[in-house]
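Some notes on the structure that comes next.
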Amino acid sequence: METRSTCCYCGTGCGVIIESDGARITGVRGDPDHPANFGRLCSKGATLHLTARPEGRALYPELRMGRTEARSRTTWDLALEYAARRFAGVIRSHGPDAVAFYVSGQLLTEDYYVFNKLARALVGTNNIDSNSRLCMSSAVVGYSQTLGADAPPCSYEDLGLADCIFIAGANPAYAHPIVFRRIEDARRANPGLKLIVADPRRTDTAAGADLHLPVAPGTDLVLLQAMLHVLLGDGLVNWEFVHAHTTGFDAVREAVRDMTPAAAEKICGVPSQDIVTAARWFGQAKAALSLWCQGLNQSTHGSHNSAALIHLHLATGHIGRPGAGPFSLTGQPNAMGGRETGAMATLLPGHRQPANAEHRAEVARLWGVPDLPERPGKTAVDMFEALGSGAIKAIWIACTNPAQSLPEQARVRQALERAEFVVLQEAFRDTETAPYADLLLPAATWGEKEGTVTNSERRISHVRRAVAAPGEALPDWKIARDFALRLGRHLERPDAPSLFPYFHPEQIFREHAQTTRGRDLDITGLSYALLDAQGPQQWPFPEGASAGTARLYGDGRFATADGCARFIPLTPSLTAEDTDARFPLHLTTGRLRDQWHGMSRSGRAALLFSHDDEPRLYLNLSDMLRRNIAAGDLVRVFNRRGETVLRAAASDELRPGQAYVPMHWGRRHLNSGGANELMPSAYDPHSKQPELKHAAVQVERLALPWQALLVRSTAHAGQALEWKARLQPLLSCFRYASLGLAGAECPALVLRIAHHEPLPEALLDRIDDCVDLDGVQCLSYLDPRRAVRKKALIEDGLLAGIHLAGETAAGPWLKDFVIERRAADHIRRWLFAPLATPPEGVKTRGRIVCACHGVAEPDIRRAIAAGAGLETLQQDLRCGTGCGSCVPEIRRLLRVEQAA
Ligand SMILES: Nc1nc2c(c(=O)[nH]1)N[C@H]1C(S)=C(S)[C@@H](COP(=O)(O)OP(=O)(O)OC[C@H]3O[C@@H](n4cnc5c(=O)[nH]c(N)nc54)[C@H](O)[C@@H]3O)O[C@H]1N2
Ligand SMILES: Nc1nc2c(c(=O)[nH]1)N[C@H]1C(S)=C(S)[C@@H](COP(=O)(O)OP(=O)(O)OC[C@H]3O[C@@H](n4cnc5c(=O)[nH]c(N)nc54)[C@H](O)[C@@H]3O)O[C@H]1N2
Ligand code: SF4
Ligand SMILES: [Mo]
């Protein structure tokens with residue numbers, strides 16, 4: 001059976017075709033007819049089916065009555081009745097603002113809509129916010145303040161029509177790979193296209209650009225203002241456009257008068273000549289397009305970063321034309337839907353605002369309630385702050401993992417511990433937030449639910465269900481509806497049944513569409529039937545329209561009262577926290593190519609660990625040498641807020657003084673909390689988006705002499721996931737531990753441990769028990785004097801497991817042997833030898849670059865050394881011919897090897 005749906009990872013919003021046998025998802029491929037991807041998928045999308053497994057799923061409601069008790073299974077009836085009673089109790093005693101809802105850009109539009117109505121129309125609070133607060137809220141404010149509405153004006157089509165693409169604070173080669181494939185296509189088709197990338201790191205996106213602007217962290221505003229200065233000086237401002245379609249330019253012009261490229265260079269570190277070149281390419285282009293994401297948004301002046309970038313477009317008239325415009329890349333698959341349904345503290349349905357009395361009255365009328373709450377709702381960081389102070393007592397968390405993704409984790413943990421009642425609506429039962437849940441409600445997830453999502457280019461797709469949800473899991477909108485009906489009874493609200501009359505998601509969609517009537521995002525012309533007949537559509541799509549809208553503002557009229565776009569005054573400010581003598585390194589955080597956020601889904605596909613197999617702290621070599629840190633050493637990264645222990649790696653992507661940690665690893669895969677132990681919760685005053693890209697830290701070498709490595713492979717993917725789940729509770733026993741998977745069809749589990757002193761024998765036994773490393777086929781070696789214990793498991797003549805404790809020299813190559821399940825015969829006698837390299841004649845693979853075809857880095861390097869170019873590599877090794885996600889990296893290997 002085949003079902004057309006969408007990928008549930010990034011905001012590119014690729015169409016997928018889900019293959020299933022009716023009960024189980026068996027495969028996935030790109031939908032050739034979907035206008036976002038035309039059949040392509042990246043490494044994450046292409047492995048979605050590998051993550052659709054029952055192990056680890058939340059299958060039935062689980063409840064605990066007291067904090068110290070364990071949760072136990074209960075029925076939906078009891079669970080929701082209990083939740084309604086607790087919420088109603090808090091609301092009666094402390095008012096509606098003592099409860100809160102924290103939802104997610106990964107919910108479907110219909111889910112979002114019901115949660116929003118539940119919070120605002122039934123409970124009567126604006127305390128509903130979304131993880132989009134951590135993600136797109138600065139872009140929302142940037143668009144609204146300048147263009148008058150939160151509407152990304154461009155289309156993916158524009159990628160192929162621009163002759164200058166400016167990427168600021170985004171790494172689409174990793175984070176939006178299919179967008180990046182389209183940029184690669186555009187560059188091939190038009191060699192004159194100029195690609196400019198502003199990023200403190202020399203990412204794969206930056207490395208291949210025509211111009212990389214290595215902006216000092218947090219100083220983009222200066223760079224963008226200097227670019228405007230150059231546009232003015234060089235006569236590249238489109239005065240006709242500025243006069244006819246904008247207001248406020250004079251003040252902005254005045255403000256950038258002294259921001260010469262030379263002055264900017266001193267602050268942002270980009271050579272003044274490069275600032276001039278970037279501005280000229282942008283200004284002289286026939287059509288300039290800019291793309292931005294978290295490098296601009298996750299800042300204490302993120303909304304001004306967004307506005308400054310939009311200013312460049314307004315000043316040059318690069319907007320509303322094919323190939324031109326400011327184009328934010330949405331992070332999550334349906335952050336856009338959350339913005340449309342207004343399911344955030346600062347928004348109301350249909351791009352309305354809760355602070356606007358007229359808007360509140362309009363929505364109240366549409367919903368048939370007397371009024372909507374006026375008191376401002378708490379945004380994400382403040383919501384958890386209020387939970388910690390006791391002002392909020394009960395919280396409902398759906399489809400997000402705050403105990404991993406919010407900054408300043410120590411405070412988040414304290415808040416979740418202090419809360420009187422925590423409900424977690426989750427697809428998986430083992431996230432970092434799960435231990436705090438008094439009530440865990442099992443949610444249906446990708447492939448199991450129906451609704452709609454909107455991608456970065458305002459395109460709405462119909463998300464279809466391929467299989468039934470496992471166990472008793474339910475779609476999110478249904479859980480919210482059932483809770484609302486019960487809460488209505490407890491609050492003695494006879495209108496609750498008429499507020500939530502839904503039995504199918506399309507009813508919700510129709511009601512949502514009505515809230516957009518006459519607004520900039522009007523979708524009254526859309527229905528599931530139309531989406532099915534004509535495919536995904538871009539809003540606005542008002543009643544009577546025959547097609548969606550590819551590009552906004554083509555007529556020069558903006559969504560402001562006077563129709564003019566606004567230049568707004570911008571105050572250059574710095575990051576919340578400066579480096580100093582105690583914390584001299586600037587730490588930034590971001591994404592890896594093959595992992596998704598807290599890894600609750602991507603961490604289930606072994607293949608997705610092959611690109612990056614362990615969490616690492618990346619540093620410039622000079623900073624490592626100064627601290628006597630060698631690649632592979634363990635280090636303590638710390639600041640005033642906390643610490644995390646990671647393995648260090650040298651990166652020439654970073655300049656001296658900079659450090660980088662991927663955001664993905666948390667306490668279920670690492671024994672410390674990862675990046676967000678360290679990030680500050682300071683936020684932008686306008687967007688309330690926290691500064692997740694900037695912290696001052698110190699790093700020091702951590703000598704943990706006793707190390708262990710466990711690798712255990714299996715022919716069954718589910719088995720590896722079970723082992724992983726069994727080991728997770730043990731992680732806190734070690735000073736350092738990282739847990740992950742490896743391999744492909746036959747997955748392997750990999751546990752790395754380091755500790756001050758040898759671990760007790762009993763703990764080692766427990767580890768072995770968790771992964772079934774025992775039995776008659778298990779060989780062992782003991783040297784108690786040196787605290788060395790080694791085990792190897794041979795199954796049917798194949799090496800299926802090793803546990804090297806106290807002596808791990810042979811770990812790197814033995815690990816590969818277990819992952820590849822090699823015949824044990826000819827290495828049997830080397831199994832317990834402390835050999836740092838494999839015995840002669842025995843070869844290992846090395847790090848995998850191309851996950852689709854399992855091509856390893858040493859093979860690629862060897863071929864390049866022998867003269868191969870990209871085409872030859874693709875032909876001979878097949879690397880880069882699957883999803884294409886690794887092509888930017890292969891290009892980089894080519895540059896490095898050829899330079900050598
Ligand atoms: N593989 C993968 N893809 C994803 C996700 C994922 O988890 N994994 N998540 C999705 C989501 S929700 C989002 S929001 C997007 C995020 O997409 P991106 O924003 O593109 O990804 P990040 O890696 O968070 O950050 C982008 C870049 O910002 C740079 N940066 C840091 N500080 C600054 C600065 O001061 N100025 C500038 N100019 N740049 C800076 C970082 O070096 C980094 O390379 O990715 C989406 N796609
Ligand atoms: N240091 C640092 N921190 C960051 C960032 C950063 O760049 N650096 N980026 C921030 C950004 S941009 C974002 S978007 C956030 C993301 O942060 P989170 O929202 O915490 O990320 P996810 O791990 O994707 O959480 C989604 C959860 O929903 C669950 N889930 C999946 N499908 C369903 C479903 O259908 N229903 C329900 N109910 N649950 C489901 C998943 O198992 C997962 O646990 O992280 C932010 N945190
Ligand atoms: S680019 Fe990759 S992760 Fe993003 S939607 Fe497409 S397939 Fe999914
Ligand atoms: Mo995001």
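Quick note on naming: the chains in the structure tokens go A, B, ... in the order shown, residues restart at 1 in each chain, and ligands are numbered from 1 in order of appearance.
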
Contacts between ligand 4 and chain A, please, where a residue of chain A counts if it comes within 7 Å (with only C-alpha atoms and all ligand atoms); show its shortest atom pair and distance in Å to one decimal, rows by chain and ascending number, as JSON lines.
```
{"residue": "A:Ser132", "atom": "CA", "partner": "ligand 4", "partner_atom_place_in_ligand_line": "1 (Mo)", "distance": 6.3}
{"residue": "A:Leu134", "atom": "CA", "partner": "ligand 4", "partner_atom_place_in_ligand_line": "1 (Mo)", "distance": 6.5}
{"residue": "A:Cys135", "atom": "CA", "partner": "ligand 4", "partner_atom_place_in_ligand_line": "1 (Mo)", "distance": 4.1}
{"residue": "A:Met136", "atom": "CA", "partner": "ligand 4", "partner_atom_place_in_ligand_line": "1 (Mo)", "distance": 6.8}
{"residue": "A:Gly331", "atom": "CA", "partner": "ligand 4", "partner_atom_place_in_ligand_line": "1 (Mo)", "distance": 4.1}
{"residue": "A:Gln332", "atom": "CA", "partner": "ligand 4", "partner_atom_place_in_ligand_line": "1 (Mo)", "distance": 5.3}
```

Just to be explicit: take each residue in the selection above, keep C-alpha atoms, and write the result as a CSV table (one decimal), in the first residue's frame.
```
chain,number,residue,atom,x,y,z
A,132,SER,CA,8.5,27.8,17.9
A,134,LEU,CA,12.9,29.0,20.5
A,135,CYS,CA,12.9,28.9,16.7
A,136,MET,CA,11.0,31.3,14.5
A,331,GLY,CA,12.8,25.0,11.2
A,332,GLN,CA,10.1,22.6,12.1
```

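The residues sitting within 7 Å of ligand 3, with only C-alpha atoms and all ligand atoms considered, come out as A:Cys7, A:Cys8, A:Tyr9, A:Cys10, A:Gly11, A:Thr12, A:Gly13, A:Cys14, A:Asn37, A:Leu41, A:Cys42, A:Ser43, A:Lys44, A:Gly45, A:Ala46, A:His176, A:Pro177, A:Ile178, A:Val179.
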
Members of stretch 202-421 of chain A assigned alpha helix (DSSP H) by DSSP, as a tab-separated table (two decimals) with C-alpha atoms, in the first residue's frame:
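Output below, filename result_11.tsv:
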```
chain	number	residue	atom	x	y	z
A	204	ASP	CA	29.71	22.96	4.47
A	205	THR	CA	27.25	25.63	3.32
A	206	ALA	CA	29.85	28.36	3.74
A	207	ALA	CA	32.83	26.44	2.41
A	220	ASP	CA	25.25	40.42	12.19
A	221	LEU	CA	23.40	43.64	12.79
A	222	VAL	CA	26.64	45.53	12.26
A	223	LEU	CA	27.41	43.56	9.12
A	224	LEU	CA	23.94	44.14	7.67
A	225	GLN	CA	24.01	47.83	8.50
A	226	ALA	CA	27.41	48.21	6.85
A	227	MET	CA	26.01	46.51	3.76
A	228	LEU	CA	23.21	49.08	3.71
A	229	HIS	CA	25.84	51.79	4.09
A	230	VAL	CA	27.61	50.47	0.97
A	231	LEU	CA	24.34	50.21	-0.98
A	232	LEU	CA	23.69	53.88	-0.20
A	233	GLY	CA	27.19	55.01	-1.06
A	239	TRP	CA	14.79	55.16	-4.60
A	240	GLU	CA	11.71	54.74	-6.71
A	241	PHE	CA	10.72	51.68	-4.68
A	242	VAL	CA	11.71	53.25	-1.37
A	243	HIS	CA	9.61	56.36	-2.02
A	244	ALA	CA	6.57	54.58	-3.43
A	245	HIS	CA	6.36	51.59	-1.09
A	249	PHE	CA	14.01	55.09	5.46
A	250	ASP	CA	15.47	58.46	6.42
A	251	ALA	CA	16.02	57.50	10.04
A	252	VAL	CA	17.59	54.19	9.06
A	253	ARG	CA	19.80	55.92	6.52
A	254	GLU	CA	20.93	58.31	9.20
A	255	ALA	CA	21.62	55.42	11.56
A	261	PRO	CA	32.78	48.79	6.20
A	262	ALA	CA	36.00	49.71	7.97
A	263	ALA	CA	34.14	50.55	11.17
A	264	ALA	CA	32.09	47.38	10.86
A	265	GLU	CA	35.17	45.23	10.31
A	266	LYS	CA	36.43	46.22	13.77
A	267	ILE	CA	33.27	44.84	15.37
A	268	CYS	CA	32.13	41.97	13.17
A	272	SER	CA	35.81	45.48	4.87
A	273	GLN	CA	36.49	44.58	1.25
A	274	ASP	CA	34.29	41.49	1.62
A	275	ILE	CA	31.48	43.57	3.11
A	276	VAL	CA	31.70	45.86	0.06
A	277	THR	CA	31.69	42.90	-2.31
A	278	ALA	CA	28.71	41.30	-0.60
A	279	ALA	CA	26.73	44.54	-0.71
A	280	ARG	CA	27.59	45.11	-4.36
A	281	TRP	CA	26.65	41.60	-5.43
A	282	PHE	CA	23.39	41.99	-3.55
A	283	GLY	CA	22.66	45.47	-4.88
A	284	GLN	CA	23.69	44.81	-8.47
A	294	GLN	CA	18.72	30.36	13.78
A	295	GLY	CA	22.06	32.17	13.41
A	296	LEU	CA	19.97	35.35	13.22
A	297	ASN	CA	16.84	34.31	15.14
A	302	GLY	CA	17.02	38.32	16.78
A	303	SER	CA	14.01	40.31	15.63
A	304	HIS	CA	16.27	43.23	14.71
A	305	ASN	CA	18.59	40.84	12.87
A	306	SER	CA	15.60	39.72	10.81
A	307	ALA	CA	14.45	43.29	10.25
A	308	ALA	CA	17.94	44.43	9.20
A	309	LEU	CA	18.04	41.71	6.57
A	310	ILE	CA	14.57	42.65	5.34
A	311	HIS	CA	15.72	46.30	5.19
A	312	LEU	CA	18.31	45.33	2.56
A	313	HIS	CA	15.48	44.01	0.40
A	314	LEU	CA	13.29	47.04	0.92
A	315	ALA	CA	16.16	49.43	0.14
A	316	THR	CA	16.94	47.69	-3.14
A	335	ALA	CA	5.96	25.94	12.82
A	336	MET	CA	4.10	27.88	10.12
A	337	GLY	CA	0.81	26.19	11.04
A	338	GLY	CA	1.28	27.24	14.64
A	339	ARG	CA	1.74	30.83	13.53
A	340	GLU	CA	-1.37	30.64	11.33
A	341	THR	CA	-3.58	29.17	14.05
A	357	ALA	CA	-9.08	44.26	21.65
A	358	GLU	CA	-10.68	44.21	18.21
A	359	HIS	CA	-8.79	41.04	17.31
A	360	ARG	CA	-9.85	39.39	20.55
A	361	ALA	CA	-13.46	40.31	19.88
A	362	GLU	CA	-13.28	38.90	16.33
A	363	VAL	CA	-11.95	35.57	17.50
A	364	ALA	CA	-14.41	35.44	20.41
A	365	ARG	CA	-17.23	35.96	17.91
A	366	LEU	CA	-15.92	33.23	15.63
A	367	TRP	CA	-15.67	30.85	18.56
A	380	ALA	CA	8.33	29.64	26.73
A	381	VAL	CA	11.20	30.80	28.95
A	382	ASP	CA	8.90	32.81	31.23
A	383	MET	CA	6.44	29.93	31.37
A	384	PHE	CA	9.07	27.65	32.88
A	385	GLU	CA	10.26	30.47	35.11
A	386	ALA	CA	6.69	30.81	36.42
A	387	LEU	CA	6.49	27.05	36.87
A	388	GLY	CA	9.65	27.26	38.96
A	389	SER	CA	8.32	30.11	41.09
A	402	PRO	CA	11.77	20.95	27.15
A	403	ALA	CA	14.07	19.05	29.51
A	404	GLN	CA	16.47	18.92	26.58
A	405	SER	CA	15.74	21.86	24.30
A	409	GLN	CA	18.51	23.21	32.00
A	410	ALA	CA	19.18	23.46	35.73
A	411	ARG	CA	16.29	25.92	35.97
A	412	VAL	CA	14.06	23.86	33.72
A	413	ARG	CA	14.61	20.79	35.87
A	414	GLN	CA	13.88	22.76	39.01
A	415	ALA	CA	10.66	24.06	37.42
A	416	LEU	CA	9.49	20.60	36.37
A	417	GLU	CA	10.26	19.24	39.83
A	418	ARG	CA	8.41	22.09	41.53
```

Original post:
From the list A:Glu55, A:Glu506, A:Glu184, A:Asp371, which residue is nearest A:Leu108 when using only C-alpha atoms?
Top reply: A:Glu506

Subject >> Shortest interatomic distance to A:Leu749 - which of A:Leu147, A:Pro685, A:Phe832, A:Gly603, counting only C-alpha atoms >> reply: A:Gly603

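Near stretch 801-815 of chain A, within 6 Å and counting only C-alpha atoms, sit Trp706, Gln707, Ala708, Leu709, Leu710, Val711, Arg712, Ala787, Val788, Arg789, Lys790, Lys791, Ala792, Leu793, Pro834, Leu835 and Ala836 of chain A; same-chain residues fewer than 4 positions away were not included.
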
Write a file of the just-selected residues containing N, CA, C and O atoms, as a short mmCIF file (atom, residue, chain, number, x, y, z; two decimals), in the first residue's frame.
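Saved to again_19.cif:
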```
data_model
loop_
_atom_site.label_atom_id
_atom_site.label_comp_id
_atom_site.auth_asym_id
_atom_site.auth_seq_id
_atom_site.Cartn_x
_atom_site.Cartn_y
_atom_site.Cartn_z
N TRP A 706 40.22 5.57 33.48
CA TRP A 706 39.61 4.26 33.26
C TRP A 706 38.51 4.36 32.19
O TRP A 706 37.56 5.11 32.34
N GLN A 707 38.69 3.62 31.11
CA GLN A 707 37.72 3.73 30.01
C GLN A 707 37.18 2.36 29.63
O GLN A 707 37.83 1.34 29.86
N ALA A 708 36.00 2.37 29.05
CA ALA A 708 35.41 1.11 28.58
C ALA A 708 34.66 1.36 27.29
O ALA A 708 34.19 2.47 27.02
N LEU A 709 34.58 0.32 26.49
CA LEU A 709 33.83 0.40 25.23
C LEU A 709 33.01 -0.87 25.07
O LEU A 709 33.54 -1.98 25.16
N LEU A 710 31.71 -0.67 24.85
CA LEU A 710 30.83 -1.81 24.61
C LEU A 710 30.22 -1.66 23.22
O LEU A 710 29.68 -0.61 22.90
N VAL A 711 30.36 -2.70 22.41
CA VAL A 711 29.72 -2.70 21.10
C VAL A 711 29.00 -4.03 20.95
O VAL A 711 29.58 -5.08 21.20
N ARG A 712 27.73 -3.95 20.59
CA ARG A 712 26.95 -5.19 20.51
C ARG A 712 26.07 -5.09 19.29
O ARG A 712 25.27 -4.15 19.16
N ALA A 787 42.91 -4.05 36.64
CA ALA A 787 41.49 -3.72 36.50
C ALA A 787 41.04 -3.78 35.04
O ALA A 787 40.35 -2.90 34.55
N VAL A 788 41.51 -4.81 34.36
CA VAL A 788 41.13 -5.00 32.96
C VAL A 788 40.23 -6.21 32.86
O VAL A 788 40.51 -7.26 33.45
N ARG A 789 39.13 -6.03 32.13
CA ARG A 789 38.24 -7.15 31.90
C ARG A 789 37.74 -7.03 30.47
O ARG A 789 37.26 -5.98 30.06
N LYS A 790 37.87 -8.06 29.69
CA LYS A 790 37.43 -7.99 28.30
C LYS A 790 36.51 -9.16 28.00
O LYS A 790 36.73 -10.27 28.49
N LYS A 791 35.53 -8.88 27.19
CA LYS A 791 34.62 -9.94 26.76
C LYS A 791 34.39 -9.83 25.27
O LYS A 791 34.36 -8.72 24.73
N ALA A 792 34.22 -10.96 24.63
CA ALA A 792 33.87 -10.95 23.21
C ALA A 792 32.83 -12.02 22.99
O ALA A 792 32.91 -13.12 23.56
N LEU A 793 31.85 -11.71 22.19
CA LEU A 793 30.78 -12.66 21.92
C LEU A 793 30.80 -13.06 20.46
O LEU A 793 30.80 -12.19 19.58
N PRO A 834 46.11 -5.76 23.09
CA PRO A 834 45.98 -4.30 23.11
C PRO A 834 46.56 -3.65 21.86
O PRO A 834 47.44 -2.81 21.92
N LEU A 835 46.06 -4.05 20.71
CA LEU A 835 46.60 -3.55 19.44
C LEU A 835 45.87 -2.28 19.02
O LEU A 835 44.66 -2.28 18.84
N ALA A 836 46.62 -1.20 18.84
CA ALA A 836 45.98 0.06 18.46
C ALA A 836 45.55 0.04 17.01
O ALA A 836 44.61 0.73 16.61
#
```

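For the choices A:Arg517, A:His694, A:Arg647, A:Lys286, the atom-to-atom distance to ligand 1 is smallest for A:His694 when using only C-alpha atoms and all ligand atoms.
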
Subject >> Computed interatomic separation between atom CA of A:Val423 and atom CA of A:Asn116 (Å) >> reply: 16.4 Å

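Minimum distance to ligand 2 across A:Gly775, A:Pro191, A:Pro407, A:Gly797 (counting only C-alpha atoms and all ligand atoms) occurs at A:Pro407.
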
Subject >> Distance query A:Pro501 at most 10 Å, only C-alpha atoms, self and fewer than 6 positions along chain excluded, as a list of chain:residue names >> reply: A:Arg481, A:Leu485, A:Gln507, A:Ile508

Suppose we keep N, CA, C and O atoms; can you now write the selection as a compact mmCIF listing (two decimals), in the first residue's frame?
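Result file out.txt:
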```
# COMPACT_ATOMS: atom_id res chain seq x y z
N ARG A 481 -9.14 17.33 22.42
CA ARG A 481 -10.61 17.42 22.42
C ARG A 481 -11.20 16.67 23.62
O ARG A 481 -12.04 17.20 24.35
N LEU A 485 -13.44 18.34 26.65
CA LEU A 485 -14.83 17.99 27.00
C LEU A 485 -14.94 17.68 28.49
O LEU A 485 -15.88 18.09 29.16
N GLN A 507 -13.03 18.80 9.95
CA GLN A 507 -13.92 19.80 10.57
C GLN A 507 -13.10 20.92 11.18
O GLN A 507 -13.48 22.08 11.14
N ILE A 508 -12.00 20.53 11.81
CA ILE A 508 -11.16 21.52 12.47
C ILE A 508 -10.53 22.42 11.42
O ILE A 508 -10.48 23.64 11.55
```

Considering only C-alpha atoms, return as a tab-separated table (two decimals) with all heavy atoms, in the first residue's frame whatever protein or nucleic-acid residues lie within 9 Å of A:Glu2, sequence-local ones (same chain, fewer than 3 positions apart) excluded.
```tsv
chain	number	residue	atom	x	y	z
A	17	ILE	N	6.18	9.29	-0.08
A	17	ILE	CA	5.23	8.21	-0.30
A	17	ILE	C	5.58	7.13	0.71
A	17	ILE	O	6.71	6.61	0.71
A	17	ILE	CB	5.31	7.69	-1.74
A	17	ILE	CG1	4.89	8.82	-2.70
A	17	ILE	CG2	4.42	6.46	-1.93
A	17	ILE	CD1	4.98	8.47	-4.16
A	18	ILE	N	4.63	6.84	1.58
A	18	ILE	CA	4.88	5.85	2.62
A	18	ILE	C	4.43	4.49	2.09
A	18	ILE	O	3.30	4.34	1.64
A	18	ILE	CB	4.08	6.17	3.91
A	18	ILE	CG1	4.43	7.57	4.42
A	18	ILE	CG2	4.33	5.12	4.99
A	18	ILE	CD1	3.59	8.02	5.61
A	19	GLU	N	5.32	3.52	2.15
A	19	GLU	CA	4.96	2.16	1.76
A	19	GLU	C	4.63	1.37	3.03
A	19	GLU	O	5.36	1.45	4.01
A	19	GLU	CB	6.13	1.50	1.02
A	19	GLU	CG	6.47	2.22	-0.27
A	19	GLU	CD	7.92	2.00	-0.71
A	19	GLU	OE1	8.61	1.16	-0.12
A	19	GLU	OE2	8.34	2.68	-1.67
A	20	SER	N	3.52	0.66	3.00
A	20	SER	CA	3.17	-0.11	4.19
A	20	SER	C	2.48	-1.41	3.78
A	20	SER	O	2.01	-1.55	2.65
A	20	SER	CB	2.23	0.70	5.09
A	20	SER	OG	0.98	0.84	4.46
A	21	ASP	N	2.44	-2.34	4.73
A	21	ASP	CA	1.72	-3.58	4.45
A	21	ASP	C	0.35	-3.53	5.12
A	21	ASP	O	-0.24	-4.55	5.43
A	21	ASP	CB	2.54	-4.80	4.90
A	21	ASP	CG	2.81	-4.77	6.41
A	21	ASP	OD1	2.20	-3.93	7.11
A	21	ASP	OD2	3.64	-5.57	6.88
A	466	ALA	N	-0.98	6.36	7.16
A	466	ALA	CA	-0.70	5.13	6.42
A	466	ALA	C	-1.07	3.90	7.23
A	466	ALA	O	-1.52	2.90	6.69
A	466	ALA	CB	0.77	5.08	6.04
```

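Distance annotation: of A:Glu432, A:Asp594, A:Glu543, A:Asp772, the residue with the minimal separation from ligand 1 is A:Asp594; atom set is only C-alpha atoms and all ligand atoms.
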
Tell me which protein, DNA and RNA residues are within 12 Å of A:Glu81, counting only C-alpha atoms, leaving out same-chain ones fewer than 2 positions away, and put them as a PDB file with C-alpha atoms, in the first residue's frame.
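Saved as part-v3.pdb:
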```pdb
ATOM      1  CA  PRO A  61      -1.621   6.259  29.367  1.00  0.00           C
ATOM      2  CA  LEU A  63      -0.234   7.881  35.690  1.00  0.00           C
ATOM      3  CA  THR A  74      -4.182   3.358  33.338  1.00  0.00           C
ATOM      4  CA  THR A  75      -7.105   3.814  30.956  1.00  0.00           C
ATOM      5  CA  TRP A  76      -7.790   6.848  28.812  1.00  0.00           C
ATOM      6  CA  ASP A  77     -10.966   7.456  30.783  1.00  0.00           C
ATOM      7  CA  LEU A  78      -9.256   7.517  34.141  1.00  0.00           C
ATOM      8  CA  ALA A  79      -6.265   9.437  32.825  1.00  0.00           C
ATOM      9  CA  ALA A  83      -6.169  15.400  34.470  1.00  0.00           C
ATOM     10  CA  ALA A  84      -9.394  17.376  34.131  1.00  0.00           C
ATOM     11  CA  ARG A  85      -9.958  17.230  37.877  1.00  0.00           C
ATOM     12  CA  ARG A  86      -6.411  18.443  38.604  1.00  0.00           C
ATOM     13  CA  PHE A  87      -6.560  21.261  36.048  1.00  0.00           C
ATOM     14  CA  ALA A  88     -10.027  22.345  37.183  1.00  0.00           C
ATOM     15  CA  LEU A 439       0.686  11.710  33.400  1.00  0.00           C
ATOM     16  CA  ILE A 479      -6.473  13.935  23.044  1.00  0.00           C
ATOM     17  CA  ASP A 482     -11.322  14.631  24.903  1.00  0.00           C
ATOM     18  CA  PHE A 483      -9.573  16.547  27.653  1.00  0.00           C
ATOM     19  CA  ALA A 484     -11.454  19.742  26.754  1.00  0.00           C
ATOM     20  CA  LEU A 485     -14.825  17.986  26.995  1.00  0.00           C
ATOM     21  CA  ARG A 486     -13.999  16.633  30.431  1.00  0.00           C
ATOM     22  CA  LEU A 487     -12.498  19.873  31.674  1.00  0.00           C
ATOM     23  CA  GLY A 488     -15.662  21.629  30.460  1.00  0.00           C
ATOM     24  CA  ARG A 489     -17.712  19.432  32.765  1.00  0.00           C
ATOM     25  CA  HIS A 490     -15.502  20.134  35.764  1.00  0.00           C
TER      26      HIS A 490
END
```

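Nearest-residue note for ligand 2: choosing from A:Phe428, A:Trp723, A:Phe101, A:Tyr82, the minimum distance belongs to A:Phe428, counting only C-alpha atoms and all ligand atoms.
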